[in-house]
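> What follows is a single structure, and I will ask about it in a moment.
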Amino acid sequence: MVDDIRHSTATAFLQEERLKLFAFTVAEKRAEYLWVLRAFDIARANYVVLLHAADVADTLARNAPADLQLGAAEIAPLLEQLHAWELLERSYDGSRAATLAEYRNRHFVYQFSGAGYKAFRAVEDVLGARLDDASLSRLVLPELLADMHELAEANRQADGDRIYRKLSRLDSTLSEMATRAAHFYLVLGDLVRTTEITPETFLVHKDALLTHMREFSSDLTRYAPKLAEAIATVESTGISELIHRAAVSDERVFLTVEERRADWRARWSGLSHWFVAADAELSESERLREGTMSAIAAVLSLLRRVTETRKGGVSRESQLRHLAGWFANTSSEDSAHALFHAVFGLGRPRHLSMVHPDADIIPTSRSWWEAPPVEISRTLAETGRAPSPGLPGRVQRNDGGIRRLREQQLEAQRVRSAAARSLASGGVYERTLDEEETEVLLGLLNAALTARVRVSGRTSGSTGSDSGVKLTLTTSETSTVVHTARGRLHLDRLQLDVAEVAGR
């Protein structure tokens with residue numbers, strides 16, 4: 001239970017960190033941020049990874065619109081903010097400094113982070129996508145069948161590289177086919193449900209749309225049994241050997257062979273499920289064929305509805321024209337309000353009541369139409385409720401980090417106490433102090449020498465204590481030499497005495 005809670009907490013934290021990558025899309029200077037990232041993408045296409053603010057300015061001067069021509073001084077804070085959002089990684093470049101003053105002023109170069117580049121590409125894909133460009137890919141079905149037969153032959157010949165190439169192509173082709181089909185039916189659903197479509201646009205494309213879906217359904221019905229038979233042929237050649245050979249030839253060096261084998265086993269299971277139905281379940285090809293038939297029926301229903309509308313002469317445009325005529329012919333303003341309420345179903349405006357800040361000058365009995373304007377919160381205007389500060393933000397606690405730091409602190413204290421006891425028992429003369437004992441001795445010397453404040457005359461001596469031991473400094477006619485792991489320590493005319501503190 002505790003492990004599940006920790007896992008869910010770690011997952012939520014990771015999601016918040018990933019969502020921070022898209023903060024630039026809603027920032028005030030989102031256009032500037034987007035073009036700065038595009039400058040890095042343009043440089044990346046030219047095999048240039050690291051960019052300085054001046055390099056970004058030069059790239060924008062050649063590619064950005066005139067209103068987004070930024071100088072290096074304006075780009076620098078944008079780069080720092082993108083680095084704070086973890087879209088860019090920052091490193092120091094001292095080679096750009098020509099003088100000492102420039103060297104002291106830090107020169108940074110930036111590059112895409114791994115997650116930052118994925119976030120930027122996701123935004124660019126959304127901005128550049130044509131949402132009305134959708135089609136079903138029926139021409140890939142014969143290619144899938146040919147690749148299946150070649151995969152079986154490659155497995156018989158134990159050709160691992162060829163198996164890897166064919167499996168990769170089959171996986172990418174089926175993924176693209178599923179993505180295009182989902183996009184096509186999403187666009188088609190919007191077409192069927194929308195009320196803004198003009199009959200002329202639909203009637204021009206209806207024949208091509210119906211032909212496209214019927215040809216895809218026919219090809220899918222014809223090739224699905226052949227592909228299921230080809231999958232059975234591939235599995236008869238030894239599916240375990242096929243998965244192992246593909247994993248060995250896989251070039252993802254950051255995954256172990258076992259991880260690659262598990263990945264390709266899952267991919268083959270998905271490929272097989274596309275055309276081979278499991279117990280009491282439909283295969284993906286059968287679901288796609290049923291979805292195509294349902295889409296054809298929906299398009300025919302829309303065609304019949306559009307045709308009947310054109311024959312009857314009643315359309316959205318004619319309905320709005322009749323409604324405008326009713327509004328124009330109402331006998332009074334109250335009748336127009338009643339008609340508006342009946343047609344659009346909107347209620348009366350919400351009335352708010354609050355005290356004006358300057359109540360002595362503006363009485364509460366005066367109408368809001370006559371009184372000067374007063375600022376109100378958006379919450380009060382939209383919901384009628386007074387605004388509240390809301391719940392306090394969640395405190396981010398790192399209990400694991402605190403526990404590790406505490407353990408390190410306790411371990412350092414134990415090591416220092418052991419070194420102090422060893423120093424007190426063995427003394428500082430006629431032996432070489434190790435690193436820990438040297439650290440304790442230097443701390444004691446620092447405390448003792450700080451206490452030797454000479455006001456007048458001679459200072460007879462001073463002490464310093466730490467970790468249960470006490471060091472006493474006294475004046476001497478001779479100098480003291482202490483051998484340590486860091487070298488020899490010379491104390492001019494001083495004598496050292498280390499002893500344990502009484503009572504510890």
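So you can find residues: chains in the structure tokens are A, B, ... in the order shown, residues in each start at 1, and ligands are numbered from 1 in order.
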Residues at most 7 Å from region 215-225 of chain A, counting only C-alpha atoms, excluding those fewer than 2 positions away in the same chain, as JSON, numbers by chain?
{"A": [136, 138, 141, 211, 212, 213, 227, 228, 229, 275, 285, 289, 292]}
> Among region 53-269 of chain A, which residues does DSSP mark as alpha helix (DSSP H) when it is run on the backbone? Keep the chain and numbering as in the structure and answer as a count of residues only.
157
> Name the residues in contact with region 477-483 of chain A at a cut-off of 6 Å, using only C-alpha atoms, excluding same-chain residues fewer than 3 positions from it; report them as a ChimeraX atom specification.
/A:432,488-494
> Which residue out of A:Ala328, A:Leu271, A:Val234, A:Ala76 has the minimum interatomic distance to Ala57 (chain A) when only C-alpha atoms are used?
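For Ala57 (chain A), the nearest of the candidates is A:Ala76.
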> How many Å separate CA of Ile163 (chain A) from CA of Arg180 (chain A)?
25.7 Å
